[in-house]
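Structure file entry-v4.txt with compact mmCIF, C-alpha atoms:
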```
# COMPACT_ATOMS: atom_id res chain seq x y z
CA MET G 643 97.62 128.09 61.90
CA GLN G 644 94.54 125.92 62.09
CA VAL G 645 96.63 122.88 61.18
CA MET G 646 99.10 123.64 63.98
CA ARG G 647 96.26 123.99 66.48
CA THR G 648 94.82 120.68 65.34
CA LEU G 649 98.19 118.92 65.64
CA LEU G 650 98.81 120.49 69.06
CA GLY G 651 95.39 119.40 70.25
CA SER G 652 95.98 115.86 69.05
CA PHE G 653 99.38 115.76 70.79
CA VAL G 654 97.89 116.96 74.08
CA ALA G 655 95.06 114.42 73.86
CA SER G 656 97.47 111.60 73.04
CA SER G 657 99.76 112.56 75.91
CA ALA G 658 96.84 112.53 78.33
CA VAL G 659 95.85 109.06 77.22
CA VAL G 660 99.41 107.77 77.60
CA MET G 661 99.77 109.31 81.07
CA ALA G 662 96.45 107.80 82.13
CA LEU G 663 97.51 104.35 80.96
CA VAL G 664 100.88 104.60 82.71
CA SER G 665 99.33 105.73 85.98
CA MET G 666 96.60 103.10 85.98
CA PRO G 667 97.14 100.39 88.62
CA LEU G 668 97.62 96.84 87.41
CA PRO G 669 96.23 94.85 90.33
CA THR G 670 96.18 91.48 88.59
CA ALA G 671 99.79 91.64 87.41
CA ALA G 672 101.02 93.05 90.71
CA GLN G 673 99.20 90.48 92.80
CA SER G 674 100.42 87.60 90.67
CA LYS G 675 104.00 88.53 91.53
CA ARG G 676 103.38 88.36 95.28
CA PRO G 677 104.17 84.97 96.83
CA THR G 678 101.18 83.33 98.51
CA VAL G 679 101.93 82.05 102.02
CA ALA G 680 100.17 80.44 104.94
CA VAL G 681 101.57 81.04 108.44
CA LEU G 682 101.39 78.14 110.89
CA ASP G 683 101.24 78.72 114.64
CA LEU G 684 104.78 78.70 116.02
CA ASP G 685 106.06 75.93 118.27
CA PHE G 686 107.13 76.93 121.79
CA GLY G 687 108.00 73.56 123.29
CA SER G 688 111.51 74.68 124.27
CA VAL G 689 110.23 77.60 126.36
CA GLN G 690 109.80 76.98 130.07
CA GLN G 691 106.13 77.72 130.76
CA TRP G 692 106.19 80.29 133.54
CA TRP G 693 102.55 81.28 132.96
CA SER G 694 99.48 79.28 133.90
CA GLY G 695 96.45 78.49 131.80
CA ASN G 696 96.30 77.50 128.14
CA TRP G 697 97.87 80.61 126.65
CA ASP G 698 99.10 79.63 123.17
CA ILE G 699 101.97 82.04 122.58
CA GLY G 700 102.75 80.31 119.27
CA LYS G 701 99.36 81.28 117.90
CA GLY G 702 99.67 84.80 119.26
CA VAL G 703 103.04 85.41 117.65
CA ALA G 704 101.84 83.90 114.35
CA ASP G 705 98.91 86.33 114.36
CA LEU G 706 101.30 89.24 114.88
CA LEU G 707 103.47 88.02 111.99
CA VAL G 708 100.41 87.71 109.73
CA ASP G 709 99.41 91.28 110.55
CA GLU G 710 102.91 92.54 109.71
CA LEU G 711 103.02 90.67 106.40
CA VAL G 712 99.56 91.86 105.37
CA ASN G 713 100.33 95.48 106.26
CA ASP G 714 103.60 95.35 104.32
CA GLY G 715 101.85 94.02 101.21
CA SER G 716 104.79 92.03 99.81
CA PHE G 717 102.99 88.71 100.30
CA ARG G 718 99.51 87.34 99.79
CA VAL G 719 98.56 85.77 103.12
CA ILE G 720 95.93 83.06 103.57
CA GLU G 721 93.21 83.95 106.06
CA ARG G 722 93.79 82.32 109.44
CA LYS G 723 90.32 80.78 109.80
CA ARG G 724 90.69 79.01 106.48
CA LEU G 725 94.08 77.64 107.55
CA ASP G 726 92.72 76.47 110.92
CA ALA G 727 89.88 74.62 109.18
CA VAL G 728 92.30 72.77 106.89
CA LEU G 729 94.59 71.83 109.79
CA ALA G 730 91.62 70.53 111.80
CA GLU G 731 90.48 68.37 108.88
CA GLN G 732 93.94 66.83 108.65
CA ASN G 733 94.33 66.36 112.42
CA PHE G 734 97.49 68.44 112.33
CA SER G 735 99.10 68.29 115.79
CA ASN G 736 100.86 71.06 117.71
CA SER G 737 104.02 68.94 117.81
CA GLU G 738 104.32 69.29 114.02
CA ARG G 739 104.37 73.09 114.02
CA ALA G 740 108.13 73.64 113.88
CA ASP G 741 109.01 70.73 111.60
CA PRO G 742 106.03 69.30 109.70
CA SER G 743 106.66 66.28 107.52
CA ALA G 744 107.01 66.62 103.75
CA GLY G 745 103.69 64.84 103.35
CA GLU G 746 101.89 67.25 105.67
CA ILE G 747 103.45 70.25 103.93
CA ALA G 748 102.31 69.00 100.55
CA LYS G 749 98.76 68.29 101.76
CA ILE G 750 98.40 71.69 103.39
CA GLY G 751 99.76 73.42 100.31
CA LYS G 752 97.38 71.56 98.01
CA ALA G 753 94.34 72.13 100.25
CA LEU G 754 95.01 75.86 100.57
CA GLY G 755 96.39 76.41 97.09
CA VAL G 756 99.54 78.02 98.49
CA LYS G 757 103.08 77.72 97.21
CA TYR G 758 104.78 78.45 100.52
CA LEU G 759 104.28 77.55 104.16
CA VAL G 760 105.74 79.67 106.97
CA VAL G 761 106.72 77.61 110.04
CA GLY G 762 108.86 78.34 113.05
CA SER G 763 109.46 78.26 116.77
CA ILE G 764 109.77 80.55 119.77
CA THR G 765 113.05 79.83 121.56
CA LYS G 766 112.95 82.57 124.20
CA PHE G 767 109.93 84.17 125.80
CA GLY G 768 110.52 85.76 129.18
CA THR G 769 113.83 86.82 130.67
CA GLU G 770 117.42 85.68 130.43
CA ASN G 771 117.44 84.74 134.10
CA ARG G 772 115.04 82.34 135.81
CA ASN G 773 111.42 83.47 135.70
CA LEU G 774 109.43 83.80 138.89
CA GLY G 775 105.68 83.70 139.34
CA VAL G 776 103.04 85.27 141.54
CA GLY G 777 100.03 83.06 142.20
CA GLY G 778 96.44 84.06 142.76
CA GLY G 779 94.27 86.63 141.02
CA ALA G 780 95.21 89.51 138.80
CA PHE G 781 98.51 90.95 140.05
CA GLY G 782 98.70 94.62 140.88
CA GLY G 783 95.44 95.41 139.11
CA GLY G 784 96.77 93.87 135.92
CA ARG G 785 94.58 93.13 132.91
CA PHE G 786 95.66 89.65 132.01
CA GLY G 787 93.45 87.39 134.09
CA LEU G 788 94.01 84.81 136.80
CA GLY G 789 96.91 82.50 137.44
CA LYS G 790 100.61 83.24 137.51
CA VAL G 791 101.97 86.54 136.33
CA GLY G 792 105.64 86.41 135.42
CA THR G 793 107.99 88.74 137.27
CA SER G 794 111.70 89.18 136.90
CA LYS G 795 114.61 91.37 137.90
CA GLY G 796 115.74 91.64 134.29
CA LYS G 797 114.42 92.75 130.94
CA ALA G 798 112.07 90.75 128.73
CA THR G 799 113.67 88.81 125.88
CA VAL G 800 111.95 87.14 122.92
CA ALA G 801 113.63 85.05 120.21
CA LEU G 802 112.01 83.56 117.10
CA THR G 803 113.16 81.34 114.23
CA VAL G 804 111.00 81.23 111.10
CA ARG G 805 111.39 79.32 107.81
CA VAL G 806 109.57 79.54 104.48
CA ILE G 807 109.09 76.10 102.90
CA ASP G 808 108.14 75.30 99.31
CA THR G 809 105.06 73.08 99.60
CA SER G 810 105.76 71.32 96.29
CA THR G 811 109.36 70.34 97.01
CA GLY G 812 109.76 70.63 100.79
CA GLU G 813 112.78 72.88 100.26
CA ILE G 814 113.56 75.59 102.82
CA MET G 815 113.63 78.77 100.76
CA VAL G 816 114.19 81.41 103.44
CA SER G 817 115.23 81.29 107.09
CA SER G 818 114.82 84.26 109.39
CA LYS G 819 115.64 84.90 113.04
CA GLY G 820 114.60 87.66 115.36
CA GLN G 821 115.72 88.34 118.92
CA ALA G 822 114.84 91.45 120.87
CA GLU G 823 114.97 92.80 124.38
CA SER G 824 112.72 95.32 126.06
CA ALA G 825 114.13 98.77 126.63
CA ARG G 826 113.22 98.65 130.30
CA SER G 827 112.89 96.23 133.21
CA GLY G 828 109.65 95.43 135.01
CA LEU G 829 106.78 92.99 135.22
CA LEU G 830 106.50 90.73 132.21
CA LEU G 831 102.71 91.05 132.34
CA GLY G 832 100.13 92.84 134.43
CA GLY G 833 100.55 95.83 136.66
CA GLY G 834 99.17 98.10 133.95
CA GLY G 835 96.57 99.54 136.27
CA GLY G 836 92.82 99.34 135.89
CA GLY G 837 90.97 97.47 133.23
CA GLY G 838 88.82 94.39 133.40
CA VAL G 839 90.06 90.93 134.21
CA GLY G 840 89.98 88.50 131.32
CA GLY G 841 89.85 84.72 131.18
CA ALA G 842 92.27 82.64 133.21
CA GLY G 843 95.75 82.70 131.82
CA SER G 844 94.76 84.31 128.52
CA VAL G 845 96.45 87.28 126.89
CA GLU G 846 95.44 89.08 123.71
CA MET G 847 98.83 89.65 122.11
CA GLY G 848 97.46 92.02 119.50
CA SER G 849 96.05 94.37 122.13
CA SER G 850 97.55 97.69 123.16
CA ASP G 851 97.61 96.39 126.75
CA PHE G 852 100.07 93.67 125.77
CA ARG G 853 102.22 95.97 123.62
CA GLU G 854 102.66 98.30 126.59
CA THR G 855 104.29 95.57 128.70
CA ILE G 856 108.01 94.79 128.51
CA LEU G 857 107.17 91.35 127.11
CA GLY G 858 104.94 92.89 124.45
CA GLU G 859 107.65 95.37 123.52
CA ALA G 860 110.24 92.62 123.04
CA THR G 861 107.77 90.44 121.10
CA GLU G 862 106.86 93.21 118.68
CA LYS G 863 110.53 93.98 117.99
CA ALA G 864 111.37 90.32 117.34
CA VAL G 865 108.41 89.89 114.97
CA THR G 866 109.41 93.02 113.06
CA GLN G 867 112.95 91.69 112.64
CA VAL G 868 111.65 88.41 111.22
CA MET G 869 109.25 90.16 108.87
CA THR G 870 111.96 92.53 107.61
CA THR G 871 114.19 89.58 106.65
CA LEU G 872 111.34 87.75 104.91
CA VAL G 873 110.54 90.80 102.82
CA ALA G 874 114.22 91.42 102.00
CA LYS G 875 114.63 87.82 100.78
CA LYS G 876 111.34 87.62 98.91
CA ASP G 877 113.15 87.40 95.58
CA ARG G 878 114.25 83.87 96.47
CA LEU G 879 110.65 82.71 96.23
```

As structure tokens - that is how I would like this structure written.
Amino acid sequence: MQVMRTLLGSFVASSAVVMALVSMPLPTAAQSKRPTVAVLDLDFGSVQQWWSGNWDIGKGVADLLVDELVNDGSFRVIERKRLDAVLAEQNFSNSERADPSAGEIAKIGKALGVKYLVVGSITKFGTENRNLGVGGGAFGGGRFGLGKVGTSKGKATVALTVRVIDTSTGEIMVSSKGQAESARSGLLLGGGGGGGVGGAGSVEMGSSDFRETILGEATEKAVTQVMTTLVAKKDRL
């Protein structure tokens, strides 16, 4: 009887150890399997600029994409300030955003220690029909500062094209597109009621104020579509 109790106790203890080992997280192994990427600001040269000021929609959309990738956890994403510092050192121009040269890709990859670079462009950002503008100060008590506020009779539409490039070979590994339309019509920006007035022509695309607009709604949907494809095709990397 004593022998059986001893054997049973040993079995229980061994089982507990095994279960503990199985349930223990393996952060190093898991992280090593996640591709490391750096996300460049998107090019928007093909979009007719209906807004005034120096609003960089390419940077805003890139920030949204970074947030989505980080929250998903499938990729290791280089911090944006570190990327900006490297690009400044190399005098990387905005015109190179959508299609950087093989040499630039290799230099950025080496400087950041990343295997993959995410580049892309915004091809639609407004409405399908011609955008109109309202000059002057904040329109309708809107929150997005001075200058023109886009208005339209239609719904907001945003379209993005994003590619993942191998920094060592220059090969395009994954291509992803996202196009979305707002569920309702209305002002592209502004008219939210109340709130302070920000800097001229500037919009914080990560803010709840922006997400509540029809343009913000379409942008968020398009970014989510792109991110979903990147995650689904991660095995190619």

Next on the checklist: Given the point (103.3, 79.5, 108.9) in the file's coordinates, find the residues that have an atom at most 6 Å from it, counting only C-alpha atoms, and give them as number ranges by chain.
Outcome noted: G: 680-682, 759-761

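Residue nearest Ala825 in chain G, chosen from G:Ala744, G:Ala860, G:Glu813, G:Leu802 and counting only C-alpha atoms: G:Ala860.
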
Next on the checklist: List the spatial neighbours of Ser716 in chain G as a list in words - criterion: any atom at most 12 Å away, all atoms listed in the file, same-chain residues fewer than 4 positions off excluded.
Outcome noted: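 The residues that qualify are Ala672, Gln673, Ser674, Lys675, Arg676, Pro677, Thr678, Val679, Val708, Glu710, Leu711, Val712, Met869, Thr870, Thr871, Leu872, Val873, Ala874, Lys875, Lys876, Asp877 and Leu879 of chain G.
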
Item to check | Nearest residue to Gln867 in chain G from the set G:Ile720, G:Ala740, G:Leu707, G:Leu754 (distances using only C-alpha atoms) | outcome: G:Leu707

Item to check | Counting only C-alpha atoms, the residue of G:Asp741, G:Glu823, G:Ile856, G:Val845 that sits nearest Ser694 in chain G | outcome: G:Val845

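For the pair CA of Ala864 in chain G and CA of Val689 in chain G, the interatomic distance is 15.6 Å.
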
Item to check | Distance in Å - CA of Phe717 in chain G versus CA of Tyr758 in chain G | outcome: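 Those two atoms sit 10.4 Å apart.
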
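Between CA of Gly751 in chain G and CA of Val816 in chain G the interatomic distance comes to 16.8 Å.
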